[in-house]
file work-v6.csv (CSV, C-alpha atoms)
chain,number,residue,atom,x,y,z
A,159,MET,CA,71.6,-70.5,36.3
A,160,SER,CA,71.9,-73.6,34.2
A,161,THR,CA,68.8,-75.0,32.5
A,162,LEU,CA,70.6,-78.2,31.4
A,163,VAL,CA,70.4,-81.5,33.1
A,164,THR,CA,71.7,-84.8,31.6
A,165,ASP,CA,68.4,-86.7,31.3
A,166,GLN,CA,66.7,-84.1,29.3
A,167,ARG,CA,65.6,-84.6,25.7
A,168,ARG,CA,65.9,-81.4,23.7
A,169,VAL,CA,63.2,-81.2,20.9
A,170,SER,CA,64.1,-78.5,18.4
A,171,VAL,CA,61.0,-76.6,17.1
A,172,GLY,CA,62.0,-75.3,13.7
A,173,ILE,CA,60.6,-72.3,11.8
A,174,GLY,CA,56.9,-72.8,11.1
A,175,GLN,CA,56.8,-75.9,13.3
A,176,ILE,CA,54.7,-77.0,16.3
A,177,ALA,CA,55.6,-79.5,19.1
A,178,VAL,CA,53.5,-80.7,22.0
A,179,SER,CA,54.6,-83.0,24.9
A,180,THR,CA,53.5,-84.5,28.1
A,181,ASP,CA,57.0,-86.0,28.8
A,182,PRO,CA,58.6,-84.3,31.8
A,183,THR,CA,62.1,-85.0,30.4
A,184,ASP,CA,61.4,-83.0,27.2
A,185,VAL,CA,62.7,-79.5,26.7
A,186,LEU,CA,61.1,-77.8,23.7
A,187,VAL,CA,63.4,-75.3,22.1
A,188,ALA,CA,63.1,-72.6,19.4
A,189,TYR,CA,66.6,-71.6,18.5
A,190,GLY,CA,67.5,-68.0,17.6
A,191,LEU,CA,64.2,-66.3,17.2
A,192,GLY,CA,64.9,-63.2,15.2
A,193,SER,CA,61.8,-61.6,13.7
A,194,CYS,CA,60.0,-64.9,14.4
A,195,VAL,CA,57.9,-65.3,17.5
A,196,GLY,CA,57.9,-68.3,19.8
A,197,VAL,CA,54.7,-69.1,21.8
A,198,THR,CA,54.5,-71.7,24.6
A,199,PHE,CA,51.4,-73.1,26.2
A,200,TYR,CA,51.5,-75.1,29.4
A,201,ASP,CA,48.6,-76.7,31.4
A,202,PRO,CA,49.7,-77.4,35.0
A,203,GLY,CA,46.7,-79.8,35.5
A,204,THR,CA,47.5,-82.3,32.8
A,205,ARG,CA,51.2,-81.3,32.7
A,206,SER,CA,51.0,-81.0,28.9
A,207,GLY,CA,52.5,-78.2,26.9
A,208,GLY,CA,53.6,-77.1,23.5
A,209,MET,CA,55.5,-74.6,21.4
A,210,VAL,CA,55.1,-72.9,18.0
A,211,HIS,CA,57.8,-71.0,16.1
A,212,VAL,CA,55.9,-68.5,13.9
A,213,LEU,CA,57.5,-66.9,10.8
A,214,LEU,CA,54.9,-64.4,9.6
A,215,PRO,CA,51.9,-62.5,10.9
A,216,ASP,CA,48.9,-63.5,8.7
A,217,SER,CA,48.0,-66.4,6.4
A,218,GLU,CA,45.5,-64.1,4.7
A,219,GLY,CA,43.1,-67.0,4.2
A,220,ARG,CA,45.7,-69.5,2.9
A,221,VAL,CA,45.1,-73.1,4.0
A,222,SER,CA,48.0,-75.0,5.6
A,223,ASP,CA,49.4,-78.0,3.7
A,224,GLY,CA,50.7,-79.3,6.9
A,225,LYS,CA,54.4,-78.8,6.1
A,226,GLU,CA,54.7,-75.6,8.2
A,227,PRO,CA,51.6,-75.7,10.4
A,228,ALA,CA,52.8,-72.6,12.4
A,229,ARG,CA,54.2,-70.6,9.5
A,230,TYR,CA,51.6,-67.8,10.3
A,231,ALA,CA,50.5,-66.5,13.6
A,232,ASP,CA,46.8,-67.4,13.0
A,233,TRP,CA,47.7,-71.0,12.0
A,234,GLY,CA,50.2,-71.5,14.7
A,235,VAL,CA,48.2,-70.3,17.7
A,236,ALA,CA,45.0,-72.1,16.6
A,237,ALA,CA,46.9,-75.4,15.9
A,238,LEU,CA,48.7,-75.3,19.3
A,239,LEU,CA,45.4,-74.8,21.2
A,240,ALA,CA,43.7,-77.5,19.2
A,241,GLU,CA,46.5,-80.0,19.8
A,242,LEU,CA,46.6,-79.4,23.6
A,243,THR,CA,42.8,-79.4,24.2
A,244,ARG,CA,42.6,-82.6,22.2
A,245,ARG,CA,45.0,-84.1,24.8
A,246,GLY,CA,42.7,-82.9,27.6
A,247,ALA,CA,44.4,-79.6,28.5
A,248,SER,CA,42.1,-77.0,30.1
A,249,ARG,CA,42.2,-73.8,28.0
A,250,ALA,CA,41.2,-71.8,31.1
A,251,SER,CA,44.3,-72.7,33.0
A,252,LEU,CA,46.9,-72.4,30.2
A,253,VAL,CA,50.1,-70.6,31.1
A,254,ILE,CA,51.0,-68.7,27.9
A,255,LYS,CA,54.5,-67.2,27.2
A,256,VAL,CA,55.6,-65.2,24.1
A,257,ALA,CA,59.1,-64.3,23.0
A,258,GLY,CA,60.8,-62.9,19.9
A,259,GLY,CA,59.7,-60.4,17.3
A,260,ALA,CA,63.1,-58.6,17.3
A,261,ALA,CA,64.5,-56.3,14.6
A,262,VAL,CA,67.9,-58.0,14.2
A,263,LEU,CA,68.7,-56.4,10.8
A,264,GLY,CA,68.9,-52.9,12.5
A,265,PRO,CA,66.5,-50.1,13.3
A,266,ALA,CA,66.4,-48.7,9.7
A,267,ASN,CA,65.2,-52.1,8.4
A,268,ALA,CA,62.9,-52.6,11.3
A,269,GLU,CA,61.2,-49.3,10.3
A,270,LYS,CA,61.0,-50.5,6.6
A,271,PHE,CA,59.7,-54.1,7.1
A,272,LYS,CA,58.3,-54.3,10.7
A,273,ILE,CA,58.0,-58.1,10.4
A,274,GLY,CA,59.1,-58.6,14.0
A,275,ALA,CA,56.7,-56.0,15.4
A,276,ARG,CA,53.9,-57.3,13.2
A,277,ASN,CA,54.4,-60.9,14.2
A,278,ALA,CA,54.3,-59.9,17.9
A,279,GLU,CA,51.1,-57.9,17.4
A,280,ALA,CA,49.5,-60.7,15.3
A,281,ILE,CA,50.2,-63.3,18.0
A,282,LYS,CA,48.6,-61.2,20.7
A,283,GLU,CA,45.6,-60.4,18.5
A,284,GLN,CA,45.1,-64.1,17.7
A,285,LEU,CA,45.3,-65.1,21.4
A,286,LYS,CA,42.8,-62.4,22.3
A,287,ARG,CA,40.5,-63.5,19.6
A,288,LEU,CA,40.6,-67.0,21.1
A,289,GLY,CA,39.9,-65.6,24.6
A,290,LEU,CA,43.4,-66.5,25.8
A,291,ARG,CA,45.6,-64.2,28.0
A,292,VAL,CA,49.4,-63.8,27.8
A,293,THR,CA,51.0,-64.7,31.1
A,294,ALA,CA,54.5,-63.2,30.2
A,295,GLU,CA,56.2,-61.8,27.2
A,296,ASP,CA,59.7,-60.8,26.0
A,297,LEU,CA,59.2,-59.1,22.7
A,298,GLY,CA,61.0,-56.6,20.4
A,299,GLY,CA,64.5,-55.3,20.8
A,300,THR,CA,67.3,-56.0,18.4
A,301,LYS,CA,68.7,-59.3,19.5
A,302,GLY,CA,67.9,-62.9,18.6
A,303,ARG,CA,66.5,-65.1,21.4
A,304,THR,CA,66.4,-68.8,22.1
A,305,MET,CA,63.3,-69.9,23.9
A,306,GLU,CA,62.9,-73.2,25.9
A,307,LEU,CA,59.9,-74.8,27.5
A,308,HIS,CA,61.0,-77.3,30.3
A,309,MET,CA,58.2,-79.8,30.6
A,310,ALA,CA,59.4,-81.0,34.0
A,311,ALA,CA,57.9,-77.9,35.7
A,312,GLY,CA,56.3,-76.1,32.8
A,313,ARG,CA,58.9,-73.3,33.0
A,314,THR,CA,59.9,-71.2,30.1
A,315,TYR,CA,63.4,-69.7,29.7
A,316,VAL,CA,64.8,-67.1,27.2
A,317,ARG,CA,68.4,-66.4,26.5
A,318,THR,CA,70.3,-64.3,23.9
A,319,ALA,CA,73.8,-64.8,22.4
A,320,ALA,CA,75.1,-62.5,25.1
A,321,SER,CA,73.0,-63.5,28.1
A,322,SER,CA,72.4,-66.6,30.2
A,323,PRO,CA,68.8,-68.1,30.4
A,324,THR,CA,66.2,-66.2,32.4
A,325,GLU,CA,62.8,-67.5,33.4
A,326,LEU,CA,60.0,-65.8,31.6
B,89,MET,CA,59.0,-72.2,-13.7
B,90,LEU,CA,60.4,-70.8,-10.5
B,91,ALA,CA,63.0,-73.6,-10.2
B,92,THR,CA,64.2,-72.9,-13.8
B,93,ALA,CA,64.5,-69.2,-13.0
B,94,GLN,CA,66.4,-70.0,-9.8
B,95,ARG,CA,68.8,-72.3,-11.7
B,96,GLN,CA,69.4,-69.7,-14.3
B,97,ILE,CA,70.1,-67.2,-11.6
B,98,THR,CA,72.4,-69.5,-9.8
B,99,GLU,CA,74.4,-70.1,-13.0
B,100,ALA,CA,74.6,-66.4,-13.7
B,101,LEU,CA,75.6,-65.7,-10.2
B,102,SER,CA,78.5,-68.1,-10.4
B,103,ILE,CA,80.0,-65.8,-13.1
B,104,VAL,CA,79.0,-62.7,-11.1
B,105,ALA,CA,80.5,-64.0,-7.9
B,106,ARG,CA,83.9,-64.6,-9.6
B,107,ASP,CA,83.8,-61.1,-11.0
B,108,GLY,CA,82.7,-59.7,-7.7
B,109,ALA,CA,85.4,-61.6,-5.9
B,110,VAL,CA,88.1,-60.0,-8.1
B,111,ARG,CA,86.7,-56.5,-7.6
B,112,ALA,CA,86.4,-57.1,-3.8
B,113,GLY,CA,89.9,-58.5,-3.6
B,114,ARG,CA,91.2,-55.4,-5.4
B,115,GLY,CA,89.4,-53.1,-3.0
B,116,LEU,CA,90.6,-55.0,0.0
B,117,SER,CA,94.1,-55.1,-1.2
B,118,GLY,CA,94.1,-51.4,-1.6
B,119,LEU,CA,92.7,-50.9,1.9
B,120,MET,CA,95.1,-53.3,3.6
B,121,GLY,CA,98.2,-52.5,1.6
B,122,GLN,CA,98.8,-56.2,0.8
B,123,GLU,CA,97.4,-58.5,-1.8
B,124,ILE,CA,94.2,-60.2,-0.7
B,125,VAL,CA,92.7,-62.8,-3.0
B,126,ILE,CA,89.1,-63.9,-2.7
B,127,HIS,CA,88.0,-67.3,-3.9
B,128,VAL,CA,84.4,-68.3,-4.4
B,129,PRO,CA,84.5,-72.1,-4.6
B,130,ASN,CA,80.8,-72.6,-4.4
B,131,VAL,CA,77.6,-70.9,-5.5
B,132,ARG,CA,74.6,-73.0,-4.4
B,133,LEU,CA,71.0,-72.9,-3.4
B,134,GLY,CA,70.5,-73.8,0.2
B,135,THR,CA,67.9,-74.0,3.0
B,136,LYS,CA,67.9,-72.0,6.2
B,137,SER,CA,69.6,-74.9,7.9
B,138,ASP,CA,72.2,-75.2,5.2
B,139,ALA,CA,73.1,-71.5,5.6
B,140,CYS,CA,73.4,-71.9,9.3
B,141,ASP,CA,75.5,-75.1,9.0
B,142,ALA,CA,77.9,-73.2,6.7
B,143,VAL,CA,78.8,-70.9,9.5
B,144,GLY,CA,78.8,-73.5,12.3
B,145,GLY,CA,75.2,-74.2,13.3
B,146,GLU,CA,72.0,-72.4,14.3
B,147,GLU,CA,73.2,-71.0,17.6
B,148,GLN,CA,76.7,-70.2,16.4
B,149,VAL,CA,77.4,-66.6,17.2
B,150,VAL,CA,78.4,-64.8,14.0
B,151,LEU,CA,79.7,-61.4,13.0
B,152,GLY,CA,78.9,-59.8,9.7
B,153,ALA,CA,76.8,-57.2,8.0
B,154,TYR,CA,73.6,-56.9,6.1
B,155,LEU,CA,73.0,-54.7,3.0
B,156,SER,CA,69.9,-54.3,1.0
B,157,MET,CA,69.9,-53.9,-2.7
B,158,ALA,CA,67.7,-51.2,-4.3
B,159,GLY,CA,67.3,-50.0,-7.9
B,160,ASP,CA,66.0,-52.1,-10.8
B,161,ILE,CA,65.6,-55.0,-8.5
B,162,SER,CA,65.6,-55.3,-4.7
B,163,GLY,CA,67.0,-57.9,-2.4
B,164,HIS,CA,69.2,-58.7,0.5
B,165,VAL,CA,72.9,-59.4,0.9
B,166,MET,CA,74.4,-60.7,4.1
B,167,LEU,CA,78.0,-61.6,4.8
B,168,LEU,CA,78.5,-63.8,7.9
B,169,PHE,CA,81.5,-65.2,9.7
B,170,PRO,CA,81.6,-67.5,12.7
B,171,GLU,CA,83.1,-65.3,15.4
B,172,ARG,CA,86.6,-66.9,15.3
B,173,ARG,CA,86.8,-66.5,11.6
B,174,ALA,CA,85.7,-62.9,11.8
B,175,PHE,CA,88.5,-62.2,14.3
B,176,GLU,CA,90.9,-63.8,11.8
B,177,CYS,CA,89.7,-61.4,9.1
B,178,VAL,CA,90.2,-58.5,11.5
B,179,ASP,CA,93.8,-59.7,12.1
B,180,LEU,CA,94.4,-60.0,8.3
B,181,MET,CA,93.0,-56.5,7.8
B,182,CYS,CA,95.0,-55.0,10.5
B,183,GLY,CA,98.2,-56.8,9.5
B,184,GLN,CA,98.6,-58.5,12.8
B,185,PRO,CA,99.2,-62.1,13.7
B,186,ILE,CA,96.2,-64.4,13.6
B,187,GLY,CA,94.9,-64.8,17.1
B,188,THR,CA,95.5,-61.2,18.2
B,189,THR,CA,91.8,-60.2,18.0
B,190,VAL,CA,89.8,-62.2,20.6
B,191,GLU,CA,86.6,-60.1,21.1
B,192,ALA,CA,84.1,-58.2,19.1
B,193,ASP,CA,85.3,-54.8,20.2
B,194,GLU,CA,84.8,-51.5,18.4
B,195,LEU,CA,87.8,-52.0,16.1
B,196,ALA,CA,86.7,-55.5,15.2
B,197,LEU,CA,83.1,-54.4,14.4
B,198,SER,CA,84.3,-51.5,12.4
B,199,ALA,CA,86.7,-53.7,10.4
B,200,ILE,CA,84.0,-56.3,9.7
B,201,GLY,CA,81.6,-53.5,8.6
B,202,GLU,CA,84.2,-52.2,6.2
B,203,LEU,CA,84.9,-55.7,4.9
B,204,ALA,CA,81.2,-56.3,4.3
B,205,ASN,CA,80.8,-53.0,2.6
B,206,ILE,CA,83.6,-53.7,0.1
B,207,VAL,CA,82.5,-57.3,-0.5
B,208,GLY,CA,78.8,-56.7,-0.6
B,209,SER,CA,79.1,-53.6,-2.8
B,210,ALA,CA,81.5,-55.4,-5.2
B,211,PHE,CA,79.0,-58.2,-5.5
B,212,VAL,CA,76.0,-55.9,-6.1
B,213,ASN,CA,78.0,-53.9,-8.6
B,214,ALA,CA,79.1,-57.0,-10.5
B,215,LEU,CA,75.5,-58.2,-10.6
B,216,GLY,CA,74.3,-54.9,-11.9
B,217,ASP,CA,77.0,-54.8,-14.7
B,218,TYR,CA,76.3,-58.4,-15.7
B,219,ALA,CA,72.5,-58.1,-15.9
B,220,HIS,CA,72.5,-54.5,-17.1
B,221,LEU,CA,70.6,-53.3,-14.1
B,222,VAL,CA,71.0,-50.2,-12.0
B,223,LEU,CA,71.6,-51.4,-8.5
B,224,HIS,CA,72.5,-49.6,-5.3
B,225,PRO,CA,73.8,-51.2,-2.1
B,226,THR,CA,72.7,-49.6,1.1
B,227,PRO,CA,75.3,-48.9,3.8
B,228,PRO,CA,76.0,-52.1,5.8
B,229,VAL,CA,74.3,-52.8,9.1
B,230,LEU,CA,76.6,-54.6,11.5
B,231,LEU,CA,75.4,-57.9,12.8
B,232,ASN,CA,76.6,-59.9,15.9
B,233,ASP,CA,74.0,-62.5,16.9
B,234,MET,CA,73.0,-66.1,16.6
B,235,ALA,CA,73.2,-67.3,13.0
B,236,ILE,CA,69.6,-68.6,12.8
B,237,ALA,CA,68.1,-65.3,14.1
B,238,LEU,CA,69.7,-63.4,11.2
B,239,VAL,CA,69.1,-65.9,8.5
B,240,GLU,CA,65.4,-66.4,9.5
B,241,SER,CA,64.8,-62.7,9.5
B,242,VAL,CA,66.0,-62.4,5.9
B,243,TYR,CA,63.7,-65.4,5.1
B,244,ALA,CA,60.8,-63.6,6.7
B,245,GLU,CA,61.4,-60.5,4.6
B,246,VAL,CA,61.9,-62.4,1.4
B,247,MET,CA,59.4,-65.3,1.8
B,248,ALA,CA,61.8,-67.2,-0.5
B,249,GLN,CA,59.1,-69.0,-2.5
B,250,ALA,CA,61.2,-72.1,-3.2
B,251,GLY,CA,62.4,-72.2,0.4
B,252,ASP,CA,66.0,-71.6,-0.6
B,253,VAL,CA,68.5,-68.8,-0.6
B,254,LEU,CA,71.6,-68.4,-2.8
B,255,MET,CA,74.8,-69.1,-0.8
B,256,ILE,CA,78.2,-68.1,-1.9
B,257,ASP,CA,81.1,-69.6,0.0
B,258,THR,CA,83.8,-67.0,0.2
B,259,ILE,CA,87.5,-67.6,1.1
B,260,PHE,CA,89.8,-64.7,1.9
B,261,GLU,CA,93.5,-65.3,1.5
B,262,ASP,CA,96.6,-63.3,2.0
B,263,HIS,CA,100.3,-64.3,1.9
B,264,SER,CA,100.1,-65.8,5.5
B,265,GLY,CA,96.9,-67.7,5.5
B,266,GLU,CA,93.2,-67.8,4.7
B,267,THR,CA,89.9,-67.6,6.4
B,268,ALA,CA,86.3,-68.2,5.3
B,269,GLY,CA,82.9,-66.6,5.4
B,270,LEU,CA,79.5,-66.9,3.8
B,271,LEU,CA,77.7,-64.5,1.5
B,272,ILE,CA,74.0,-64.9,1.3
B,273,VAL,CA,72.1,-63.3,-1.6
B,274,ALA,CA,68.3,-63.2,-1.7
B,275,PRO,CA,66.6,-61.3,-4.4
B,276,ASP,CA,63.0,-60.4,-3.5
B,277,PRO,CA,60.6,-62.9,-5.1
B,278,GLU,CA,58.9,-60.4,-7.4
B,279,CYS,CA,62.4,-59.6,-8.9
B,280,ILE,CA,63.4,-63.2,-9.7
B,281,SER,CA,61.7,-63.4,-13.2
B,282,LEU,CA,63.3,-60.1,-14.2
B,283,LEU,CA,66.7,-61.2,-13.0
B,284,ALA,CA,66.4,-64.5,-14.8
B,285,ARG,CA,65.4,-62.7,-18.0
B,286,GLN,CA,68.3,-60.3,-17.8
B,287,ALA,CA,70.7,-63.1,-16.9
B,288,ALA,CA,69.6,-65.4,-19.7
call {"tool": "encode", "arguments": {"input": "work-v6.csv", "output": "structure tokens"}}
result
Amino acid sequence: MSTLVTDQRRVSVGIGQIAVSTDPTDVLVAYGLGSCVGVTFYDPGTRSGGMVHVLLPDSEGRVSDGKEPARYADWGVAALLAELTRRGASRASLVIKVAGGAAVLGPANAEKFKIGARNAEAIKEQLKRLGLRVTAEDLGGTKGRTMELHMAAGRTYVRTAASSPTEL
Amino acid sequence: MLATAQRQITEALSIVARDGAVRAGRGLSGLMGQEIVIHVPNVRLGTKSDACDAVGGEEQVVLGAYLSMAGDISGHVMLLFPERRAFECVDLMCGQPIGTTVEADELALSAIGELANIVGSAFVNALGDYAHLVLHPTPPVLLNDMAIALVESVYAEVMAQAGDVLMIDTIFEDHSGETAGLLIVAPDPECISLLARQAA
């Protein structure tokens, strides 16, 4: 299945960044999530959606300087929710997808650092704290993932270096 | 303060990289039965994007290996090749015409692991000797993934405070040609001041 059409505008969501959109031609993309976690929110009612690309699990009380508003799971999830509700999205109808949190540096290092697993856990905890439920997830493993949110229909796709995109 | 320390380390690592390249070249020549020369034309600080650009872009599939440094200081060493370049290295190592290897099969992965082991260990040992530190490289973990997934994972571990990693461009050359890879070195942040002091 191809997820590319010619009139799409691909918006790269870099590490620690957030993107929101109401433009049906936009495709929000987080390239090569390793231990990072990508989160997409989509509200079918307003056709608005967004994505964050989270690097680390916990800000431990640090305050964002705005350069990397989604550097930490707690910053990123709260910022994405705030941006979308500000645009009129209904938090009760958000479709929430989560991907990433892999251990790409091998199982021994995964055991030592656990960043990927901790990121995944922190995202889910933060969502729960905000009363939000994950609709679908693709977390863990040992391979990097690219995550895309297609604003045209609010669909989220995930692919790896070795696999074609699958809808999450 | 941190920027000064990073600059001192970059200057020291230029010397270390040249020494490491000589040692690695010697090791590879012995392994391959022909003279392999390694050049390190650049030692520079770069962002995550710079590191990915050096191997062909964020989604470029790369082959390589990861070693961690332990001992007096800790850190991360990663050798990455764009897939095509990795295959050229395998051909050089196996003494076969460039273009023979076309997939990341067991032989190719094993060869790249050995290459990374020699190059990474040579660099870590050269660094230890230069800075009078006891350093141990861990056995290499083979990598075959999108460049950004690997680079960002090292960033997440290191939390590079200045947002940069040290990048060492590495050219491998034998009598018939050359190929290129990228060596990324990221000391853990708490070790940077000690490394700068030792390197001064």
call {"tool": "interface_residues", "arguments": {"input": "work-v6.csv", "of": "chain B", "to": "chain A", "cutoff": "12 Å", "atoms": "all atoms listed in the file", "output": "ChimeraX atom specification"}}
result
/B:135-137,140,145-156,164-166,171,192,226-247,251
call {"tool": "closest_residue", "arguments": {"input": "work-v6.csv", "among": "B:His220, B:His127, B:Arg111, B:Arg172", "to": "B:Gly208", "atoms": "only C-alpha atoms"}}
result
B:Arg111
call {"tool": "closest_residue", "arguments": {"input": "work-v6.csv", "among": "B:Leu221, B:Cys182, B:Leu195, B:Leu168", "to": "B:Val273", "atoms": "all atoms listed in the file"}}
result
B:Leu168
call {"tool": "residues_near_point", "arguments": {"input": "work-v6.csv", "point": "(46.4, -70.0, 10.5)", "cutoff": "8 Å", "atoms": "all atoms listed in the file", "output": "list in words"}}
result
Asp216, Ser217, Gly219, Arg220, Val221, Ser222, Pro227, Ala228, Arg229, Tyr230, Ala231, Asp232, Trp233, Gly234, Val235, Ala236 and Ala237 of chain A
call {"tool": "atom_distance", "arguments": {"input": "work-v6.csv", "atom1": "atom CA of B:Pro129", "atom2": "atom CA of B:Glu176"}}
result
19.5 Å
call {"tool": "residues_around", "arguments": {"input": "work-v6.csv", "residues": "A:Ser170", "least_positions_apart": "5", "cutoff": "9 Å", "atoms": "all atoms listed in the file", "output": "PDB file with C-alpha atoms, in the coordinates of the input"}}
result
ATOM      1  CA  ALA A 177      55.600 -79.500  19.100  1.00  0.00           C
ATOM      2  CA  VAL A 185      62.700 -79.500  26.700  1.00  0.00           C
ATOM      3  CA  LEU A 186      61.100 -77.800  23.700  1.00  0.00           C
ATOM      4  CA  VAL A 187      63.400 -75.300  22.100  1.00  0.00           C
ATOM      5  CA  ALA A 188      63.100 -72.600  19.400  1.00  0.00           C
ATOM      6  CA  TYR A 189      66.600 -71.600  18.500  1.00  0.00           C
TER       7      TYR A 189
END
call {"tool": "closest_residue", "arguments": {"input": "work-v6.csv", "among": "A:Gly224, A:Pro202, A:Gly246, A:Gly207", "to": "A:Gln175", "atoms": "only C-alpha atoms"}}
result
A:Gly224
call {"tool": "closest_residue", "arguments": {"input": "work-v6.csv", "among": "A:Val197, A:Ala247, A:Ala240, A:Ala278", "to": "A:Val316", "atoms": "only C-alpha atoms"}}
result
A:Val197
call {"tool": "atom_distance", "arguments": {"input": "work-v6.csv", "atom1": "atom CA of A:Val169", "atom2": "atom CA of A:Leu252"}}
result
20.7 Å
call {"tool": "residues_near_point", "arguments": {"input": "work-v6.csv", "point": "(48.9, -83.8, 27.1)", "cutoff": "8 Å", "atoms": "all atoms listed in the file", "output": "PyMOL selection string"}}
result
chain A and resi 178-180+204-207+242+245-247
call {"tool": "atom_distance", "arguments": {"input": "work-v6.csv", "atom1": "atom CA of B:Gly113", "atom2": "atom CA of B:Pro170"}}
result
20.4 Å
call {"tool": "closest_residue", "arguments": {"input": "work-v6.csv", "among": "A:Ala310, A:Ile281, A:Val256, A:Leu239", "to": "A:Asp296", "atoms": "all atoms listed in the file"}}
result
A:Val256
call {"tool": "residues_around", "arguments": {"input": "work-v6.csv", "residues": "B:Ala196", "least_positions_apart": "5", "cutoff": "8 Å", "atoms": "all atoms listed in the file", "output": "JSON list (two decimals) with C-alpha atoms, in the frame of the given file"}}
result
[["chain", "number", "residue", "atom", "x", "y", "z"],
["B", 175, "PHE", "CA", 88.50, -62.20, 14.30],
["B", 178, "VAL", "CA", 90.20, -58.50, 11.50],
["B", 189, "THR", "CA", 91.80, -60.20, 18.00],
["B", 191, "GLU", "CA", 86.60, -60.10, 21.10]]
call {"tool": "residues_around", "arguments": {"input": "work-v6.csv", "residues": "stretch 281-287 of chain B", "least_positions_apart": "2", "cutoff": "7 Å", "atoms": "all atoms listed in the file", "output": "number ranges by chain"}}
result
B: 93, 96-97, 100, 219, 279
call {"tool": "residues_around", "arguments": {"input": "work-v6.csv", "residues": "B:Glu261", "least_positions_apart": "5", "cutoff": "10 Å", "atoms": "only C-alpha atoms", "output": "ChimeraX atom specification"}}
result
/B:113,123-127,177,180,266-268
call {"tool": "write_last_selection", "arguments": {"input": "work-v6.csv", "atoms": "C-alpha atoms", "output": "mmCIF file, in the coordinates of the input"}}
result
data_model
loop_
_atom_site.group_PDB
_atom_site.id
_atom_site.type_symbol
_atom_site.label_atom_id
_atom_site.label_comp_id
_atom_site.auth_asym_id
_atom_site.auth_seq_id
_atom_site.Cartn_x
_atom_site.Cartn_y
_atom_site.Cartn_z
ATOM 1 C CA GLY B 113 89.900 -58.500 -3.600
ATOM 2 C CA GLU B 123 97.400 -58.500 -1.800
ATOM 3 C CA ILE B 124 94.200 -60.200 -0.700
ATOM 4 C CA VAL B 125 92.700 -62.800 -3.000
ATOM 5 C CA ILE B 126 89.100 -63.900 -2.700
ATOM 6 C CA HIS B 127 88.000 -67.300 -3.900
ATOM 7 C CA CYS B 177 89.700 -61.400 9.100
ATOM 8 C CA LEU B 180 94.400 -60.000 8.300
ATOM 9 C CA GLU B 266 93.200 -67.800 4.700
ATOM 10 C CA THR B 267 89.900 -67.600 6.400
ATOM 11 C CA ALA B 268 86.300 -68.200 5.300
#
call {"tool": "residues_around", "arguments": {"input": "work-v6.csv", "residues": "A:Lys282", "least_positions_apart": "5", "cutoff": "12 Å", "atoms": "all atoms listed in the file", "output": "VMD selection string"}}
result
chain A and resid 195 to 197 215 231 to 232 235 254 to 257 259 275 to 277 287 to 295 297
call {"tool": "decode", "arguments": {"input": "work-v6.csv", "residues": "stretch 225-249 of chain A", "atoms": "C-alpha atoms", "output": "CSV table (one decimal), in the first residue's frame"}}
result
chain,number,residue,atom,x,y,z
A,225,LYS,CA,12.8,25.4,21.6
A,226,GLU,CA,11.9,21.8,22.1
A,227,PRO,CA,8.3,21.9,23.4
A,228,ALA,CA,8.0,18.1,23.2
A,229,ARG,CA,11.4,17.1,24.5
A,230,TYR,CA,9.8,15.3,27.5
A,231,ALA,CA,6.7,13.1,27.5
A,232,ASP,CA,4.9,15.3,30.1
A,233,TRP,CA,5.7,18.5,28.1
A,234,GLY,CA,4.8,17.0,24.7
A,235,VAL,CA,1.4,15.4,25.6
A,236,ALA,CA,0.2,18.4,27.5
A,237,ALA,CA,1.3,20.9,24.7
A,238,LEU,CA,-0.4,18.8,22.0
A,239,LEU,CA,-3.7,18.6,23.9
A,240,ALA,CA,-3.6,22.4,24.6
A,241,GLU,CA,-2.9,23.3,21.0
A,242,LEU,CA,-5.7,21.1,19.7
A,243,THR,CA,-8.4,22.1,22.3
A,244,ARG,CA,-7.5,25.7,21.6
A,245,ARG,CA,-8.4,25.1,18.0
A,246,GLY,CA,-11.8,23.7,19.1
A,247,ALA,CA,-11.0,19.9,19.1
A,248,SER,CA,-13.1,17.8,21.4
A,249,ARG,CA,-10.8,16.0,23.9
